[in-house]
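Single-structure report; data block below.
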4 protein chains.
Amino acid sequence: MGKTMLAFQLHGARDLRAVELPRPEPGPGAVLVAIRRAGICGSDIHYFTHGKVGRFVPKRPFVLGHELAGEVVALGQGAAPSLLGARVAVDPSHPCGACRYCAVGRSNLCLNMRFLGSASCDPHLDGGFAEYVAVPARNCHILPAQVTWGAAALIEPLSVCLHALGRAGGLAGRAVLVTGGGTIGQLTALLARAAGAAPVILSDPDSFARETALRIGADATLDPQRPDFAEAVEAAAPDGIAVAFEASGAPAALAQAIALVERGGTIVQIGTLPPEVALPANDIMARELTLAGSFRFAAAFAPVLRLLQSGRLDVTPVISHVAPLAETGVAMAAAVARAGVIKAQLAAGEAASG
Amino acid sequence: MGKTMLAFQLHGARDLRAVELPRPEPGPGAVLVAIRRAGICGSDIHYFTHGKVGRFVPKRPFVLGHELAGEVVALGQGAAPSLLGARVAVDPSHPCGACRYCAVGRSNLCLNMRFLGSASCDPHLDGGFAEYVAVPARNCHILPAQVTWGAAALIEPLSVCLHALGRAGGLAGRAVLVTGGGTIGQLTALLARAAGAAPVILSDPDSFARETALRIGADATLDPQRPDFAEAVEAAAPDGIAVAFEASGAPAALAQAIALVERGGTIVQIGTLPPEVALPANDIMARELTLAGSFRFAAAFAPVLRLLQSGRLDVTPVISHVAPLAETGVAMAAAVARAGVIKAQLAAGEAASG
Amino acid sequence: MGKTMLAFQLHGARDLRAVELPRPEPGPGAVLVAIRRAGICGSDIHYFTHGKVGRFVPKRPFVLGHELAGEVVALGQGAAPSLLGARVAVDPSHPCGACRYCAVGRSNLCLNMRFLGSASCDPHLDGGFAEYVAVPARNCHILPAQVTWGAAALIEPLSVCLHALGRAGGLAGRAVLVTGGGTIGQLTALLARAAGAAPVILSDPDSFARETALRIGADATLDPQRPDFAEAVEAAAPDGIAVAFEASGAPAALAQAIALVERGGTIVQIGTLPPEVALPANDIMARELTLAGSFRFAAAFAPVLRLLQSGRLDVTPVISHVAPLAETGVAMAAAVARAGVIKAQLAAGEAASG
Amino acid sequence: MGKTMLAFQLHGARDLRAVELPRPEPGPGAVLVAIRRAGICGSDIHYFTHGKVGRFVPKRPFVLGHELAGEVVALGQGAAPSLLGARVAVDPSHPCGACRYCAVGRSNLCLNMRFLGSASCDPHLDGGFAEYVAVPARNCHILPAQVTWGAAALIEPLSVCLHALGRAGGLAGRAVLVTGGGTIGQLTALLARAAGAAPVILSDPDSFARETALRIGADATLDPQRPDFAEAVEAAAPDGIAVAFEASGAPAALAQAIALVERGGTIVQIGTLPPEVALPANDIMARELTLAGSFRFAAAFAPVLRLLQSGRLDVTPVISHVAPLAETGVAMAAAVARAGVIKAQLAAGEAASG
């Protein structure tokens, strides 16, 4: 272990470079985490493909990666000694803790948010497609023994999904439709099931996504392009859809979700959509629907960990690919190609060789 | 009091006829109400202008009018004797009380709703642009002495607005924007103020609507067509708009409402919009907004009455016109013309001559 | 099938008589249900033991039993023909559908509630410890094929528990303590788990109740009489208890529940307590707790059925005893004795011989 | 302006001393506030009378006072220059911003809370019965011009009350009972009225408290000791009490509140009660009541300020006494004696002479 480290830095669209960077030093209250597993998120793919994500345009090269788990290998001043050697999941959020959104528990909307591996803040915070990352000790959540590295690196997207569930209210015994079978859609279906939704239906035009959803525990899966899609949803949920989670980012899926929820139903928008979409606005009024956006997460790592610890969540089917960190470029290309990929993860250190 | 009565029946677009109809007889559990005041609603105007409202196409002539107050002058079998002679406001809703929406307290979404003066149910229920209407005793809410006939005939639209407030959660100390200064916009502003919203801002291109809003108690009014509208809203509500109520039915107003609410904010859609509107769907996700439709009302007459009784609501500025029932046609024409009209009401019986 | 039927009528404390009663005839909108399974509820036991339940003192002999499932064997006028022959669970609630509580979806608080097998209404409605019961068609919920008679007769207590969950808000990833391992405690733990609570801890001094809870899927069970009970709860839920469900009716259990929930936590009271209990009222304020009563249920059969249908709930461990209807007296005695009994059910017709 | 200041330090029960202390220096991010108005809170009185408040036993002399308004007269490093000279209300709360309660917006339950003028944290933070206090810039809320010093020093207790309202849900058109007419009871009634509660009823055995409540805008006031109290409440609120706020700290008042709320109603406990109180626990279940504690406040200064700014709240009747800071001892004695005192405030600087 030297004073430098391998990291994957985005230099522009389709330009992700393996570089040697100084190993970060943990400042006061921070710790150094040796990355064991890092997931490639849709936003990483988007940065890689387009060189930016919406309004977030990188000002300089930065390290991608914010779905992270690893071992604490060094402590900054004041960090709790008990953390040394701990297996941890890393919360990439750095809310200010002081703005009016933080004050009311909506730190995901923080006016001064800094986020690992993102160009949304300036200066950008380097992420974890690297051998090491330094983060505040409070961003580290200690992993129970039974939580694998693979599951640990899914806690961030699981947090996104649990937050989305929270936007819909209680789900026990209520019918749920998830549109989109990427990682977020799959994990939303998994969590909806764990939260008592019944039935849970997932729609995706891709057959591999649908097969994965069945392994995740969805009660039914459907191809949204079949002409009798609405009838098929009704057959699977005869009492109507109470809540739809839109996780595909496709305007057509949102339109289906709005059309299929029952009177008084809720549609939670998680996926990234085009800036403007034609919506049945009058229907939202006349059927008294609720269209609720959901953005990132707040205070969700702890409940996700409790669910993982108690064995409620089997995330195995979601992790379709694991590659060594050194092969990040290849893994990214596979993730971009998407064929048969739900979640690709990078393994480093012992985890990579284990 | 004869066995017939004067009533105003819609026979088609721009065809509202004064007719002599049999005076209705109250059936078991029902009462006969002699109408004293009836408000002309936007949907009455829409029926009159277009001969229909959206999918609600009349199959036969029917009597318009569902904002009703009057005196109970006869009792059907089993109706409480104490109702005889009572001044009452009439709830035009006839939910089934048995469907799954009624069972959870959302009777406004009732699968079998019948509604006075509306072609939404078949057979249509005749409304109250007439000397008499027969309704179930439970649809009658006894008026405290201090509630005028004018206020009583506003309880129905006030119920629509109170229901809309309920879609937004508590408003105490939160900034509210109301787009649209028709009756619903004005009463929403009035109720938002009464529920503690601060400041309450109302936007309408019409200066009379804005003047009325100031008399209603709005903290600020703005013309949405001024080029610096966003800046003016910000000046009036420096901490941001927490909740916007869209009561104009104009897509541009909805767009403004969405753009102007703060992160995590709520937009309640009350107005009738075109079937399809281009909306900033990604912004709803990325700023975690909630777009909540609001349709009619459920169980709102009683709380509105308590507010009226305790003197919290001065509805006077909203009632811009009162005409005798016999002049319903003229009043309707004025309401269609809209100039200087917020709410036009029809007075009958003693109230008309009083 | 004759014109009379076997039924078990309460004539006073410890006086439950097998009698021959006229087979009821279903009136308009009602159906005749041939009972296949009926559960003995705590309130049945209380009526049997004390001759009354609190203020509910029977005025005349009546048939006990309100946890019912069976087959529709005859239709009253106007009942849907499709019901004939259907396997159904029977909702024993007959709310009025018109009072202010029904209007807001809280029909469990109905001012005019009538309830099967209860002396709470006058005249009392005969229950289903009998070969037949006649009920409104709308009280019948058709059973999916995979729901057994045993599970079907648990839908009523499951509804009580799902309603109690609703009093606590979303449970996904939150730690739950259930005090009391009778049927209600067990099913609350089962549903809390199904709704994502993690961990779920159940306390009961009886070892059989604790063993049952583990089979139900509780993450941990504890004897509340052990001196280190608080420490043991903390070990099982290191982040604190978010929600406690008190299902034992023991004041000491309620005291433990209040003491053990974290700041801001919620205690839902389901069990029947003495009229007056000494509570740490100042602590409720200073730790900002919420003590929420939960009474019966409203609109809960449908979501419970969806959960059963999708295989989320294995209720098998709860059904400790099944006896033929003819042996109701013996089964009641066993239920009173309690040793090793969680839920005793009575089987009739084909189910009894099957 | 010298380098020392006058302050009133608690040295033990009934031992409040005028002392000369070093004028505090604002550290990084902090400001120095010259106190213009400071309210004497019930907890100040309790510290004075008993030398402690419950478990909060002072370890050393400290300055009381946490209802504070004043002028910013000096800036610590990094504090915004625009604050210099500003009229501000001071939020006495110093939550950590990092614990699990802060993370979900419940900073009033912060595990590491520090609070001005309180012995609840160690070391104690000196309060504002003094010429100056140094506080973080973010604890200062700039006052609109129309907010008087008297009103400004009531923002803290108003925040307590607004937080309590938040524990009850929306109040528009709902009947409210407030038990106890001290400052908290009065301001709760004022805010409940401003939030649309109707009617608002306040009970207090003291006639001056009742007179003040009428001036505050309560719809009715009642002596809880009159034998027909329940009937009088029913006469004032014929549809039942939806929400009761217990602000007296008297067990008898809590018992009345619980008895008088309607089925499904809510009781919010704000007052400080004895550790143990006998409560109708079974009734809480059988009538499905909610007993919700309310402790201090979180993020409430901003909405209170918006309400004050828009002229919704006239707090004048509550401020029964204003004394110069130098006469803090006399004012405290009057507050202890209670006769005719609702809120006593101390005025300093220009405000004292103005």
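Following the order of the structure tokens, chains are lettered A, B, ..., residues in each are numbered from 1, and ligands are numbered from 1.
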
Chain D post-superposition (all in-order Cα pairs with chain B) as a short mmCIF file (atom, residue, chain, number, x, y, z; two decimals) with C-alpha atoms, in the first residue's frame:
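Printed below is result02.cif as written:
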```
data_model
loop_
_atom_site.label_atom_id
_atom_site.label_comp_id
_atom_site.auth_asym_id
_atom_site.auth_seq_id
_atom_site.Cartn_x
_atom_site.Cartn_y
_atom_site.Cartn_z
CA MET D 1 -97.37 27.77 -2.90
CA GLY D 2 -98.65 25.75 -5.85
CA LYS D 3 -97.96 22.25 -7.03
CA THR D 4 -95.66 23.47 -9.75
CA MET D 5 -92.55 25.57 -9.62
CA LEU D 6 -90.31 27.75 -11.71
CA ALA D 7 -87.06 26.11 -12.74
CA PHE D 8 -84.26 26.74 -15.19
CA GLN D 9 -83.56 23.77 -17.37
CA LEU D 10 -80.63 23.27 -19.69
CA HIS D 11 -81.77 22.13 -23.13
CA GLY D 12 -78.46 22.53 -24.94
CA ALA D 13 -75.63 24.95 -25.48
CA ARG D 14 -76.83 28.51 -24.85
CA ASP D 15 -80.32 27.13 -24.29
CA LEU D 16 -81.38 27.61 -20.68
CA ARG D 17 -85.15 27.67 -20.40
CA ALA D 18 -87.47 28.92 -17.70
CA VAL D 19 -89.96 26.09 -17.32
CA GLU D 20 -92.77 25.14 -15.04
CA LEU D 21 -92.06 21.80 -13.44
CA PRO D 22 -93.96 19.75 -10.92
CA ARG D 23 -92.86 20.62 -7.45
CA PRO D 24 -90.82 17.64 -6.23
CA GLU D 25 -92.17 15.52 -3.38
CA PRO D 26 -89.67 14.47 -0.75
CA GLY D 27 -89.43 10.69 -0.48
CA PRO D 28 -88.57 8.69 2.63
CA GLY D 29 -85.79 10.35 4.58
CA ALA D 30 -85.84 13.39 2.31
CA VAL D 31 -87.01 16.95 2.72
CA LEU D 32 -88.29 19.69 0.45
CA VAL D 33 -86.14 22.80 0.45
CA ALA D 34 -87.47 26.14 -0.75
CA ILE D 35 -84.46 27.70 -2.39
CA ARG D 36 -83.49 31.10 -1.03
CA ARG D 37 -80.10 31.49 -2.67
CA ALA D 38 -78.30 29.60 -5.45
CA GLY D 39 -74.85 30.36 -6.78
CA ILE D 40 -73.87 30.09 -10.42
CA CYS D 41 -70.83 27.87 -10.58
CA GLY D 42 -68.20 27.72 -13.28
CA SER D 43 -69.54 24.32 -14.25
CA ASP D 44 -73.04 25.77 -14.66
CA ILE D 45 -71.52 28.34 -16.97
CA HIS D 46 -69.63 25.63 -18.81
CA TYR D 47 -72.82 23.55 -19.26
CA PHE D 48 -74.60 26.65 -20.50
CA THR D 49 -71.86 27.67 -22.91
CA HIS D 50 -70.94 24.27 -24.31
CA GLY D 51 -73.99 22.16 -23.53
CA LYS D 52 -71.74 19.70 -21.68
CA VAL D 53 -68.76 19.50 -19.33
CA GLY D 54 -66.03 17.27 -20.68
CA ARG D 55 -67.34 13.71 -20.72
CA PHE D 56 -70.55 14.74 -18.98
CA VAL D 57 -73.00 15.07 -21.87
CA PRO D 58 -76.64 15.57 -20.81
CA LYS D 59 -79.00 12.88 -22.09
CA ARG D 60 -82.07 14.99 -21.39
CA PRO D 61 -82.89 18.48 -20.17
CA PHE D 62 -82.09 19.00 -16.51
CA VAL D 63 -82.10 21.77 -13.94
CA LEU D 64 -78.70 23.32 -13.21
CA GLY D 65 -77.49 24.61 -9.84
CA HIS D 66 -75.71 22.97 -6.92
CA GLU D 67 -74.62 25.85 -4.64
CA LEU D 68 -77.79 25.98 -2.63
CA ALA D 69 -79.32 27.32 0.54
CA GLY D 70 -82.93 27.52 1.56
CA GLU D 71 -85.63 26.64 4.01
CA VAL D 72 -87.02 23.20 4.73
CA VAL D 73 -90.74 23.46 3.98
CA ALA D 74 -91.84 19.82 3.93
CA LEU D 75 -90.64 16.50 5.30
CA GLY D 76 -90.61 13.09 3.70
CA GLN D 77 -91.38 10.05 5.78
CA GLY D 78 -88.92 9.56 8.60
CA ALA D 79 -87.13 12.87 8.26
CA ALA D 80 -86.44 14.53 11.62
CA PRO D 81 -89.31 16.90 12.52
CA SER D 82 -86.78 19.36 13.90
CA LEU D 83 -85.72 20.10 10.33
CA LEU D 84 -89.05 21.63 9.41
CA GLY D 85 -88.60 25.36 9.01
CA ALA D 86 -84.84 25.17 9.36
CA ARG D 87 -82.52 27.35 7.32
CA VAL D 88 -80.12 24.97 5.64
CA ALA D 89 -77.24 24.72 3.22
CA VAL D 90 -77.61 21.80 0.83
CA ASP D 91 -74.73 19.44 0.15
CA PRO D 92 -75.22 18.42 -3.51
CA SER D 93 -73.18 15.21 -3.13
CA HIS D 94 -74.92 11.84 -3.02
CA PRO D 95 -72.09 9.32 -2.59
CA CYS D 96 -73.07 5.66 -2.31
CA GLY D 97 -71.51 5.20 1.13
CA ALA D 98 -70.50 1.65 0.24
CA CYS D 99 -67.78 1.62 -2.41
CA ARG D 100 -64.11 1.33 -1.58
CA TYR D 101 -63.58 5.09 -1.85
CA CYS D 102 -66.49 5.91 0.44
CA ALA D 103 -65.15 3.30 2.87
CA VAL D 104 -61.91 5.21 3.29
CA GLY D 105 -63.43 8.66 3.56
CA ARG D 106 -62.82 9.72 -0.02
CA SER D 107 -66.46 9.90 -1.02
CA ASN D 108 -65.64 12.62 -3.56
CA LEU D 109 -64.15 9.78 -5.62
CA CYS D 110 -67.23 7.57 -5.10
CA LEU D 111 -67.71 5.06 -7.89
CA ASN D 112 -71.46 5.67 -7.83
CA MET D 113 -71.64 9.39 -7.10
CA ARG D 114 -74.82 11.25 -7.87
CA PHE D 115 -74.60 15.02 -7.82
CA LEU D 116 -77.28 17.70 -7.91
CA GLY D 117 -77.50 19.70 -11.11
CA SER D 118 -74.98 17.58 -12.94
CA ALA D 119 -75.02 15.28 -15.96
CA SER D 120 -72.23 13.20 -14.42
CA CYS D 121 -74.76 10.63 -13.18
CA ASP D 122 -77.52 8.89 -15.03
CA PRO D 123 -80.33 9.64 -14.47
CA HIS D 124 -79.28 13.22 -13.89
CA LEU D 125 -80.32 14.81 -10.61
CA ASP D 126 -82.13 18.10 -11.08
CA GLY D 127 -80.35 20.98 -9.37
CA GLY D 128 -81.51 24.08 -7.58
CA PHE D 129 -81.96 26.86 -10.11
CA ALA D 130 -85.58 26.43 -9.13
CA GLU D 131 -88.03 27.33 -6.42
CA TYR D 132 -87.67 23.96 -4.74
CA VAL D 133 -85.43 20.99 -4.53
CA ALA D 134 -85.95 17.69 -2.71
CA VAL D 135 -82.89 16.18 -1.05
CA PRO D 136 -82.10 13.62 1.61
CA ALA D 137 -82.32 15.09 5.11
CA ARG D 138 -78.68 14.21 5.69
CA ASN D 139 -77.65 16.53 2.86
CA CYS D 140 -79.06 19.48 4.81
CA HIS D 141 -76.78 21.39 7.17
CA ILE D 142 -78.57 23.70 9.56
CA LEU D 143 -77.33 27.27 9.39
CA PRO D 144 -76.37 29.24 12.47
CA ALA D 145 -78.27 32.52 12.70
CA GLN D 146 -75.32 34.68 11.73
CA VAL D 147 -74.71 32.92 8.41
CA THR D 148 -76.39 34.92 5.66
CA TRP D 149 -78.07 33.34 2.64
CA GLY D 150 -75.24 34.64 0.51
CA ALA D 151 -72.62 32.98 2.64
CA ALA D 152 -74.75 29.85 2.91
CA ALA D 153 -74.82 29.46 -0.88
CA LEU D 154 -71.02 29.70 -0.84
CA ILE D 155 -70.56 26.74 1.49
CA GLU D 156 -70.35 24.38 -1.46
CA PRO D 157 -67.48 26.20 -3.20
CA LEU D 158 -65.89 26.84 0.20
CA SER D 159 -66.00 23.07 0.68
CA VAL D 160 -64.19 22.59 -2.61
CA CYS D 161 -61.50 24.97 -1.40
CA LEU D 162 -61.21 23.53 2.11
CA HIS D 163 -60.80 20.10 0.54
CA ALA D 164 -58.01 21.51 -1.63
CA LEU D 165 -56.32 22.90 1.46
CA GLY D 166 -56.46 19.44 2.96
CA ARG D 167 -54.46 18.13 0.00
CA ALA D 168 -51.58 20.41 0.99
CA GLY D 169 -51.22 19.70 4.71
CA GLY D 170 -50.95 22.35 7.43
CA LEU D 171 -50.46 25.91 6.20
CA ALA D 172 -49.78 27.83 9.42
CA GLY D 173 -46.93 30.23 8.76
CA ARG D 174 -46.33 28.93 5.24
CA ALA D 175 -46.31 31.05 2.09
CA VAL D 176 -49.09 30.35 -0.39
CA LEU D 177 -49.61 31.35 -4.00
CA VAL D 178 -53.07 31.11 -5.53
CA THR D 179 -53.18 31.34 -9.30
CA GLY D 180 -56.56 32.51 -10.54
CA GLY D 181 -58.97 34.95 -8.92
CA GLY D 182 -62.36 33.48 -9.78
CA THR D 183 -64.61 32.30 -6.98
CA ILE D 184 -62.51 29.24 -6.25
CA GLY D 185 -59.26 31.18 -6.24
CA GLN D 186 -60.71 33.89 -4.01
CA LEU D 187 -62.19 31.44 -1.52
CA THR D 188 -59.00 29.39 -1.51
CA ALA D 189 -57.07 32.53 -0.64
CA LEU D 190 -59.63 33.38 2.03
CA LEU D 191 -59.42 29.92 3.56
CA ALA D 192 -55.65 29.74 3.26
CA ARG D 193 -55.46 32.98 5.20
CA ALA D 194 -57.92 31.63 7.76
CA ALA D 195 -55.77 28.52 8.06
CA GLY D 196 -52.73 30.62 8.89
CA ALA D 197 -50.96 30.80 5.55
CA ALA D 198 -48.61 33.78 5.50
CA PRO D 199 -48.16 35.45 3.18
CA VAL D 200 -51.04 34.70 0.79
CA ILE D 201 -50.41 35.89 -2.75
CA LEU D 202 -53.00 35.77 -5.51
CA SER D 203 -52.27 36.20 -9.20
CA ASP D 204 -54.79 37.08 -11.89
CA PRO D 205 -54.50 39.15 -15.03
CA ASP D 206 -57.81 40.83 -14.23
CA SER D 207 -57.56 43.91 -12.03
CA PHE D 208 -61.03 43.43 -10.52
CA ALA D 209 -60.06 39.95 -9.40
CA ARG D 210 -56.93 41.34 -7.80
CA GLU D 211 -58.86 44.10 -6.04
CA THR D 212 -61.30 41.55 -4.71
CA ALA D 213 -58.43 39.43 -3.42
CA LEU D 214 -57.08 42.35 -1.43
CA ARG D 215 -60.51 42.85 0.10
CA ILE D 216 -60.59 39.12 0.87
CA GLY D 217 -57.39 39.55 2.83
CA ALA D 218 -54.64 38.46 0.46
CA ASP D 219 -51.30 39.90 1.52
CA ALA D 220 -50.33 40.65 -2.06
CA THR D 221 -51.78 40.36 -5.55
CA LEU D 222 -49.91 40.18 -8.80
CA ASP D 223 -50.58 40.25 -12.52
CA PRO D 224 -49.09 37.00 -13.86
CA GLN D 225 -48.48 38.66 -17.21
CA ARG D 226 -46.00 41.20 -15.93
CA PRO D 227 -42.54 40.30 -17.14
CA ASP D 228 -41.01 40.37 -13.66
CA PHE D 229 -43.68 38.13 -12.16
CA ALA D 230 -41.22 35.66 -10.65
CA GLU D 231 -39.24 38.45 -9.02
CA ALA D 232 -42.42 40.02 -7.68
CA VAL D 233 -43.49 36.73 -6.12
CA GLU D 234 -40.07 36.40 -4.55
CA ALA D 235 -40.29 39.92 -3.18
CA ALA D 236 -43.64 39.11 -1.61
CA ALA D 237 -42.47 35.76 -0.25
CA PRO D 238 -38.71 35.97 0.30
CA ASP D 239 -38.51 32.52 1.91
CA GLY D 240 -40.16 30.87 -1.09
CA ILE D 241 -43.64 29.57 -1.88
CA ALA D 242 -44.46 26.45 0.12
CA VAL D 243 -47.77 25.66 -1.52
CA ALA D 244 -49.42 26.84 -4.73
CA PHE D 245 -53.09 26.36 -5.49
CA GLU D 246 -53.84 26.43 -9.20
CA ALA D 247 -57.40 27.68 -9.56
CA SER D 248 -57.40 29.27 -12.98
CA GLY D 249 -57.40 26.31 -15.31
CA ALA D 250 -54.72 28.01 -17.40
CA PRO D 251 -51.75 25.84 -18.35
CA ALA D 252 -49.51 28.89 -18.10
CA ALA D 253 -50.59 29.42 -14.51
CA LEU D 254 -49.81 25.81 -13.65
CA ALA D 255 -46.38 26.23 -15.21
CA GLN D 256 -45.80 29.34 -13.10
CA ALA D 257 -47.00 27.58 -9.96
CA ILE D 258 -44.63 24.67 -10.52
CA ALA D 259 -41.73 26.98 -11.29
CA LEU D 260 -42.29 29.15 -8.24
CA VAL D 261 -42.82 26.69 -5.40
CA GLU D 262 -39.71 25.98 -3.40
CA ARG D 263 -37.88 22.64 -3.28
CA GLY D 264 -40.12 20.07 -1.72
CA GLY D 265 -43.15 22.26 -2.33
CA THR D 266 -46.69 21.29 -3.27
CA ILE D 267 -48.94 22.38 -6.12
CA VAL D 268 -52.63 21.63 -5.71
CA GLN D 269 -54.54 21.57 -8.98
CA ILE D 270 -58.16 22.66 -8.53
CA GLY D 271 -58.91 24.31 -11.85
CA THR D 272 -60.11 22.45 -14.93
CA LEU D 273 -57.27 22.13 -17.43
CA PRO D 274 -57.00 20.89 -21.00
CA PRO D 275 -56.60 17.11 -21.21
CA GLU D 276 -52.89 17.36 -21.91
CA VAL D 277 -50.40 19.94 -20.68
CA ALA D 278 -46.62 20.07 -21.15
CA LEU D 279 -45.10 19.97 -17.66
CA PRO D 280 -41.52 20.13 -16.33
CA ALA D 281 -41.65 16.50 -15.27
CA ASN D 282 -37.95 16.20 -14.50
CA ASP D 283 -38.11 19.25 -12.28
CA ILE D 284 -40.90 17.62 -10.28
CA MET D 285 -38.42 14.82 -9.55
CA ALA D 286 -35.25 16.86 -9.12
CA ARG D 287 -36.84 19.43 -6.81
CA GLU D 288 -39.01 16.74 -5.22
CA LEU D 289 -42.26 18.56 -5.80
CA THR D 290 -45.74 17.19 -5.23
CA LEU D 291 -48.46 17.84 -7.79
CA ALA D 292 -51.76 16.97 -6.13
CA GLY D 293 -55.10 17.02 -7.84
CA SER D 294 -58.14 18.10 -5.85
CA PHE D 295 -61.65 17.10 -6.89
CA ARG D 296 -64.82 18.38 -5.26
CA PHE D 297 -64.88 17.63 -1.52
CA ALA D 298 -65.81 15.15 1.17
CA ALA D 299 -67.15 15.87 4.65
CA ALA D 300 -66.27 19.54 4.32
CA PHE D 301 -69.61 21.25 5.00
CA ALA D 302 -69.34 20.89 8.78
CA PRO D 303 -65.89 22.47 9.20
CA VAL D 304 -66.79 25.25 6.76
CA LEU D 305 -69.87 25.97 8.83
CA ARG D 306 -67.83 26.12 12.01
CA LEU D 307 -65.50 28.62 10.38
CA LEU D 308 -68.41 30.74 9.19
CA GLN D 309 -70.11 30.56 12.58
CA SER D 310 -67.06 31.75 14.46
CA GLY D 311 -66.71 34.77 12.21
CA ARG D 312 -63.39 33.71 10.67
CA LEU D 313 -64.55 34.17 7.07
CA ASP D 314 -65.87 37.32 5.46
CA VAL D 315 -67.10 36.15 2.09
CA THR D 316 -68.83 39.41 1.21
CA PRO D 317 -66.29 40.62 -1.36
CA VAL D 318 -66.76 37.46 -3.41
CA ILE D 319 -70.48 37.91 -4.03
CA SER D 320 -70.36 40.42 -6.83
CA HIS D 321 -73.91 39.94 -8.13
CA VAL D 322 -77.28 38.86 -6.76
CA ALA D 323 -80.24 38.58 -9.13
CA PRO D 324 -83.78 37.31 -8.62
CA LEU D 325 -84.31 33.69 -9.64
CA ALA D 326 -86.67 34.84 -12.40
CA GLU D 327 -83.73 36.62 -14.03
CA THR D 328 -81.49 33.58 -14.09
CA GLY D 329 -80.96 33.95 -17.83
CA VAL D 330 -79.67 37.50 -17.50
CA ALA D 331 -77.47 36.56 -14.55
CA MET D 332 -76.05 33.66 -16.52
CA ALA D 333 -75.25 35.96 -19.42
CA ALA D 334 -73.43 38.31 -17.04
CA ALA D 335 -71.51 35.41 -15.55
CA VAL D 336 -70.52 34.28 -19.03
CA ALA D 337 -69.38 37.79 -19.92
CA ARG D 338 -67.30 37.74 -16.71
CA ALA D 339 -66.52 41.46 -16.63
CA GLY D 340 -66.50 42.43 -12.98
CA VAL D 341 -68.14 39.17 -11.95
CA ILE D 342 -66.68 36.91 -9.31
CA LYS D 343 -69.71 35.06 -7.97
CA ALA D 344 -73.24 35.66 -9.23
CA GLN D 345 -76.06 34.31 -7.10
CA LEU D 346 -79.77 33.89 -7.60
CA ALA D 347 -82.16 34.87 -4.85
CA ALA D 348 -85.61 33.40 -4.43
CA GLY D 349 -88.51 33.64 -1.99
CA GLU D 350 -88.17 36.02 0.91
CA ALA D 351 -84.47 36.38 0.26
CA ALA D 352 -85.16 37.81 -3.17
CA SER D 353 -87.48 40.43 -1.86
CA GLY D 354 -85.45 41.04 1.28
#
```

Checklist entry - Please, which residues of range 115-351 of chain B, numbered as in this document, come out strand (DSSP E or B) from DSSP, as a ChimeraX atom specification? => result /B:115-116,118,125,130,132-136,140-142,176-179,200-203,220-222,241-246,261-269,277-279,290-293,319-324,343-347

Next on the checklist: For the structure I just gave you, how does DSSP split range 2-238 of chain C - specifically, which residues are helix (DSSP H, G or I)? Reply as a PyMOL selection string.
Outcome noted: chain C and resi 42-50+81-83+100-103+107-109+137-139+149-152+155-166+183-194+207-216+229-236
